[in-house]
$ cat final05.txt   # compact mmCIF, C-alpha atoms
# COMPACT_ATOMS: atom_id res chain seq x y z
CA MET A 1 -0.72 31.86 5.41
CA THR A 2 -3.63 31.43 7.80
CA ASP A 3 -4.06 32.11 11.48
CA LEU A 4 -5.03 29.48 14.04
CA THR A 5 -8.66 30.60 14.24
CA ASP A 6 -9.17 30.32 10.48
CA CYS A 7 -7.35 26.98 10.44
CA SER A 8 -9.48 25.47 13.19
CA ASN A 9 -12.67 26.57 11.46
CA ARG A 10 -11.81 24.39 8.48
CA TYR A 11 -9.41 21.74 9.70
CA THR A 12 -8.08 20.05 12.79
CA ALA A 13 -4.99 21.97 13.87
CA VAL A 14 -1.79 19.95 14.21
CA GLY A 15 1.35 21.45 15.69
CA SER A 16 1.83 24.78 17.43
CA GLY A 17 2.57 28.36 16.48
CA VAL A 18 1.55 30.06 13.24
CA PHE A 19 -0.43 27.88 10.84
CA ARG A 20 -0.50 27.67 7.10
CA GLN A 21 -1.99 25.21 4.66
CA CYS A 22 1.06 23.61 3.06
CA GLY A 23 -1.20 20.82 1.86
CA THR A 24 -3.51 18.99 4.21
CA SER A 25 -2.90 15.55 5.63
CA GLY A 26 -6.37 14.05 5.92
CA GLY A 27 -8.39 16.74 7.72
CA ASN A 28 -5.41 18.44 9.32
CA CYS A 29 -4.21 22.00 8.95
CA LEU A 30 -0.48 21.96 9.56
CA SER A 31 1.72 24.35 11.51
CA ILE A 32 4.82 25.81 9.89
CA ALA A 33 6.96 23.45 11.98
CA VAL A 34 5.04 20.42 10.71
CA CYS A 35 5.21 21.69 7.13
CA GLU A 36 8.96 22.12 7.37
CA ALA A 37 9.24 18.57 8.71
CA GLY A 38 7.58 17.27 5.55
CA GLY A 39 3.94 17.79 6.37
CA ILE A 40 3.26 14.12 7.15
CA VAL A 41 0.65 13.50 9.82
CA LEU A 42 -0.54 9.93 10.24
CA PRO A 43 -4.19 9.22 11.09
CA ALA A 44 -4.83 8.95 14.81
CA ALA A 45 -6.00 5.35 14.27
CA CYS A 46 -2.48 4.40 13.17
CA GLY A 47 -0.43 5.40 16.18
CA ALA A 48 3.30 5.22 15.44
CA LEU A 49 4.23 3.32 12.26
CA SER A 50 7.64 2.39 10.85
CA GLN A 51 8.62 4.62 7.91
CA LEU A 52 10.22 3.29 4.72
CA THR A 53 11.16 5.19 1.55
CA PHE A 54 10.86 4.08 -2.08
CA GLY A 55 11.57 5.22 -5.60
CA SER A 56 13.75 7.93 -7.06
CA ALA A 57 11.86 10.56 -5.06
CA GLN A 58 12.40 8.65 -1.79
CA THR A 59 8.66 8.76 -1.16
CA PRO A 60 7.80 7.90 2.45
CA PHE A 61 5.60 4.86 3.08
CA TYR A 62 4.38 3.48 6.41
CA LYS A 63 4.34 -0.22 7.24
CA ILE A 64 0.86 -1.73 7.68
CA PHE A 65 1.56 -5.50 7.65
CA ASP A 66 4.44 -7.84 8.41
CA TRP A 67 4.03 -11.50 7.46
CA ASP A 68 6.39 -14.38 8.29
CA LYS A 69 5.93 -17.89 6.91
CA SER A 70 7.50 -19.36 10.05
CA ALA A 71 5.21 -17.50 12.45
CA ALA A 72 2.23 -19.12 14.15
CA ASP A 73 -1.37 -19.01 12.96
CA THR A 74 -1.88 -16.80 9.88
CA GLY A 75 1.75 -15.63 9.78
CA VAL A 76 0.85 -11.98 10.40
CA THR A 77 3.30 -10.54 12.94
CA PHE A 78 2.26 -6.88 12.60
CA ASP A 79 -1.14 -5.48 11.59
CA ALA A 80 -1.83 -1.72 11.67
CA GLY A 81 -5.57 -2.38 11.81
CA GLN A 82 -8.56 -1.75 9.58
CA GLY A 83 -9.19 1.82 10.71
CA CYS A 84 -5.60 2.88 10.07
CA VAL A 85 -5.26 1.13 6.71
CA ASN A 86 -8.55 2.42 5.33
CA GLU A 87 -7.88 5.99 6.44
CA LEU A 88 -4.41 5.92 4.88
CA PHE A 89 -5.94 4.55 1.66
CA SER A 90 -8.40 7.46 1.60
CA ASP A 91 -5.68 10.03 2.34
CA ASN A 92 -3.19 8.73 -0.24
CA GLY A 93 -5.54 8.39 -3.20
CA GLY A 94 -5.68 4.59 -3.04
CA VAL A 95 -2.13 3.18 -2.97
CA TRP A 96 -0.37 0.31 -1.26
CA LEU A 97 2.92 -1.54 -1.86
CA MET A 98 3.77 -5.19 -1.29
CA GLU A 99 7.42 -6.17 -0.79
CA VAL A 100 8.83 -9.66 -0.54
CA SER A 101 12.01 -11.20 0.81
CA ALA A 102 13.57 -14.29 -0.71
CA ASP A 103 16.19 -14.64 2.04
CA GLY A 104 14.26 -13.28 5.00
CA THR A 105 16.44 -10.16 5.16
CA THR A 106 16.52 -8.21 1.87
CA PHE A 107 13.15 -6.90 0.67
CA HIS A 108 12.19 -6.17 -2.94
CA GLU A 109 9.37 -3.98 -4.21
CA TRP A 110 7.05 -6.49 -5.82
CA SER A 111 3.66 -4.96 -6.60
CA VAL A 112 2.05 -1.54 -6.21
CA TYR A 113 -1.74 -1.13 -6.18
CA LYS A 114 -2.90 2.28 -7.45
CA SER A 115 -6.56 3.30 -7.66
CA ILE A 116 -7.81 4.97 -10.83
CA LYS A 117 -11.41 5.45 -9.63
CA ASP A 118 -12.79 7.11 -6.53
CA ARG A 119 -14.56 4.45 -4.43
CA ALA A 120 -15.91 5.99 -1.25
CA GLY A 121 -15.76 3.63 1.70
CA PHE A 122 -13.59 1.05 -0.08
CA ASP A 123 -12.30 -1.51 2.45
CA ALA A 124 -8.65 -1.65 1.42
CA TYR A 125 -7.79 -3.62 4.54
CA GLY A 126 -10.28 -6.35 3.71
CA TYR A 127 -9.22 -6.57 0.05
CA ILE A 128 -5.53 -6.88 0.93
CA LYS A 129 -6.30 -9.85 3.18
CA SER A 130 -8.91 -11.46 0.89
CA TRP A 131 -8.49 -10.41 -2.75
CA ARG A 132 -11.91 -9.89 -4.41
CA SER A 133 -13.33 -8.65 -7.70
CA SER A 134 -16.37 -6.70 -6.49
CA ASN A 135 -15.73 -2.98 -7.09
CA ASN A 136 -12.10 -3.93 -7.69
CA LYS A 137 -11.23 -4.79 -11.29
CA LEU A 138 -7.90 -4.25 -13.01
CA ASN A 139 -7.86 -1.27 -15.42
CA GLN A 140 -11.37 -0.28 -14.36
CA ASP A 141 -10.83 0.49 -10.69
CA PHE A 142 -7.07 0.17 -10.21
CA LYS A 143 -3.74 -0.54 -11.90
CA LEU A 144 -0.82 -2.65 -10.72
CA TYR A 145 2.86 -1.81 -11.14
CA THR A 146 6.15 -3.52 -10.36
CA ASP A 147 7.53 -0.72 -8.19
CA VAL A 148 6.90 2.80 -6.94
CA ASN A 149 8.76 4.47 -9.82
CA ASP A 150 6.45 2.72 -12.31
CA ALA A 151 3.39 3.63 -10.26
CA ILE A 152 4.43 7.30 -10.42
CA SER A 153 5.29 7.28 -14.13
CA GLY A 154 2.54 4.90 -15.25
CA GLY A 155 5.12 2.66 -16.93
CA SER A 156 4.73 -1.08 -17.54
CA PRO A 157 1.34 -1.70 -15.89
CA TRP A 158 0.38 -5.30 -15.21
CA ALA A 159 -1.94 -6.90 -17.75
CA SER A 160 -4.14 -9.46 -16.00
CA CYS A 161 -5.80 -10.37 -12.71
CA ASN A 162 -7.98 -12.98 -11.10
CA TYR A 163 -9.75 -12.87 -7.77
CA ASP A 164 -12.22 -14.44 -5.33
CA ASP A 165 -10.36 -17.18 -3.50
CA SER A 166 -11.29 -16.42 0.11
CA ALA A 167 -7.98 -17.77 1.43
CA ALA A 168 -5.78 -15.80 -1.02
CA GLY A 169 -4.78 -12.23 -0.33
CA PHE A 170 -3.41 -9.55 -2.65
CA PRO A 171 -2.80 -9.99 -5.57
CA ARG A 172 -3.68 -13.67 -6.14
CA ASP A 173 -2.51 -14.62 -9.69
CA CYS A 174 -2.31 -11.08 -11.14
CA CYS A 175 0.55 -10.65 -13.59
CA CYS A 176 3.15 -9.64 -14.64
CA ARG A 177 6.16 -7.83 -13.31
CA ARG A 178 8.22 -5.70 -15.69
CA SER A 179 10.36 -7.81 -18.04
CA ASN A 180 13.59 -6.03 -17.06
CA ALA A 181 12.94 -6.08 -13.31
CA ALA A 182 16.04 -7.15 -11.39
CA PHE A 183 13.97 -9.43 -9.13
CA GLU A 184 11.44 -11.95 -10.53
CA PRO A 185 10.99 -10.43 -14.02
CA ASN A 186 7.79 -11.47 -15.82
CA ARG A 187 6.48 -13.12 -12.65
CA GLY A 188 3.13 -12.56 -11.00
CA GLY A 189 1.08 -14.08 -8.25
CA SER A 190 0.73 -17.55 -9.77
CA GLY A 191 2.97 -20.15 -8.19
CA TRP A 192 2.03 -18.97 -4.70
CA GLY A 193 3.22 -15.40 -5.02
CA PHE A 194 0.71 -13.48 -2.93
CA PHE A 195 -0.02 -12.30 0.59
CA ALA A 196 -1.63 -15.20 2.47
CA PRO A 197 -2.85 -14.49 6.00
CA SER A 198 -4.56 -17.89 5.82
CA THR A 199 -4.12 -21.64 5.66
CA TYR A 200 -2.25 -21.14 2.37
CA LYS A 201 0.73 -19.56 4.12
CA GLY A 202 2.97 -22.64 3.90
CA ASN A 203 2.81 -22.60 0.09
CA ILE A 204 4.00 -19.01 -0.39
CA ARG A 205 7.34 -18.90 -2.17
CA TRP A 206 8.95 -16.25 0.08
CA PRO A 207 9.70 -16.46 3.81
CA LYS A 208 8.63 -12.87 4.49
CA VAL A 209 6.22 -10.30 3.05
CA ARG A 210 5.48 -6.75 4.14
CA LEU A 211 2.99 -4.14 2.98
CA SER A 212 3.11 -0.38 3.35
CA MET A 213 1.21 2.72 2.27
CA PRO A 214 2.07 6.38 1.71
CA ALA A 215 0.25 8.92 3.89
CA ALA A 216 -0.31 11.27 0.94
CA PRO A 217 -0.82 10.85 -2.83
CA LEU A 218 2.22 9.76 -4.85
CA PRO A 219 4.23 12.51 -6.55
CA ARG A 220 3.25 13.30 -10.13
$ encode --input "final05.txt" --output "structure tokens"
Amino acid sequence: MTDLTDCSNRYTAVGSGVFRQCGTSGGNCLSIAVCEAGGIVLPAACGALSQLTFGSAQTPFYKIFDWDKSAADTGVTFDAGQGCVNELFSDNGGVWLMEVSADGTTFHEWSVYKSIKDRAGFDAYGYIKSWRSSNNKLNQDFKLYTDVNDAISGGSPWASCNYDDSAAGFPRDCCCRRSNAAFEPNRGGSGWGFFAPSTYKGNIRWPKVRLSMPAAPLPR
């Protein structure tokens, strides 16, 4: 337990009343009321984001991109912004999730990016939109998984990646999804299976894609 004065000396106070450190969210020290509500405080740069839950632990994620093949221009219909995305990436230990919809309604977890190396200042927002190899190599800097449960357990990591097509977003031709996955087993990004906020959008094999991030590190 800590009082408000001690909290504000070390953190930015969020909430009202008596404060304790139930685990910080970014640089925030959380009030008891916030802790009891789950302790999730989004970065100020994010504003209000839609919450989704994934995996056996029902881990909360927050939507950062919506993409629609039928939409104008790049197809992006919601973008949380670079400041929000990069701050979430720093707060959550380097995780994002891409989901896809084959019918435009039902979404499937498709690929989870999970950092395995601390990379200060990494531009997650830029790499999602334009998938690159610099400071971003599979099994050196990050791992990929088919879903959130695998990302938590470390099960069935993806085996290969390529990069550096300026018009191709995450995860280009990286491969492959778990062999017993209910949706698109053994598939990867080849055959136009990636996020494409670009002129490639008409080739993508799904009508809709969305990406989200947790606000805190995944459970262990």
$ closest_residue --input "final05.txt" --among "A:Gly121, A:Gly193, A:Gly55, A:Gly188" --to "Ala168 (chain A)" --atoms "only C-alpha atoms"
A:Gly193
$ residues_around --input "final05.txt" --residues "Tyr125 (chain A)" --least-positions-apart "6" --cutoff "8 Å" --atoms "all atoms listed in the file" --output "list in words"
Gly81, Gln82, Val85 and Asn86 of chain A
$ residues_near_point --input "final05.txt" --point "(-11.2, -7.3, -2.2)" --cutoff "12 Å" --atoms "only C-alpha atoms" --output "number ranges by chain"
A: 113, 122-138, 141-142, 162-172
$ atom_distance --input "final05.txt" --atom1 "CA of Gly93 (chain A)" --atom2 "CA of Arg178 (chain A)"
23.3 Å
$ atom_distance --input "final05.txt" --atom1 "CA of Thr199 (chain A)" --atom2 "CA of Ala45 (chain A)"
28.4 Å
$ closest_residue --input "final05.txt" --among "A:Gly104, A:Pro157, A:Pro60, A:Gly94" --to "Trp206 (chain A)" --atoms "all atoms listed in the file"
A:Gly104
$ residues_near_point --input "final05.txt" --point "(-2.4, -0.3, -6.4)" --cutoff "7 Å" --atoms "only C-alpha atoms" --output "PyMOL selection string"
chain A and resi 94-96+112-115+142-144
$ closest_residue --input "final05.txt" --among "A:Ala120, A:Val41, A:Ala196, A:Ala181" --to "His108 (chain A)" --atoms "only C-alpha atoms"
A:Ala181
$ closest_residue --input "final05.txt" --among "A:Ala57, A:Ile152, A:Met213, A:Cys161" --to "Phe89 (chain A)" --atoms "only C-alpha atoms"
A:Met213
$ atom_distance --input "final05.txt" --atom1 "CA of Lys208 (chain A)" --atom2 "CA of Val148 (chain A)"
19.5 Å
$ closest_residue --input "final05.txt" --among "A:Ser156, A:Ser212, A:Ala102, A:Asn139" --to "Phe183 (chain A)" --atoms "only C-alpha atoms"
A:Ala102
$ residues_around --input "final05.txt" --residues "Gly191 (chain A)" --least-positions-apart "3" --cutoff "8 Å" --atoms "only C-alpha atoms" --output "PyMOL selection string"
chain A and resi 173+204-205
$ residues_around --input "final05.txt" --residues "Arg187 (chain A)" --least-positions-apart "6" --cutoff "8 Å" --atoms "all atoms listed in the file" --output "compact mmCIF listing (two decimals) with C-alpha atoms, keeping the file's coordinate frame"
# COMPACT_ATOMS: atom_id res chain seq x y z
CA CYS A 175 0.55 -10.65 -13.59
CA CYS A 176 3.15 -9.64 -14.64
CA ARG A 177 6.16 -7.83 -13.31
$ closest_residue --input "final05.txt" --among "A:Ser153, A:Gln51, A:Ser56, A:Ser101" --to "Arg210 (chain A)" --atoms "all atoms listed in the file"
A:Ser101
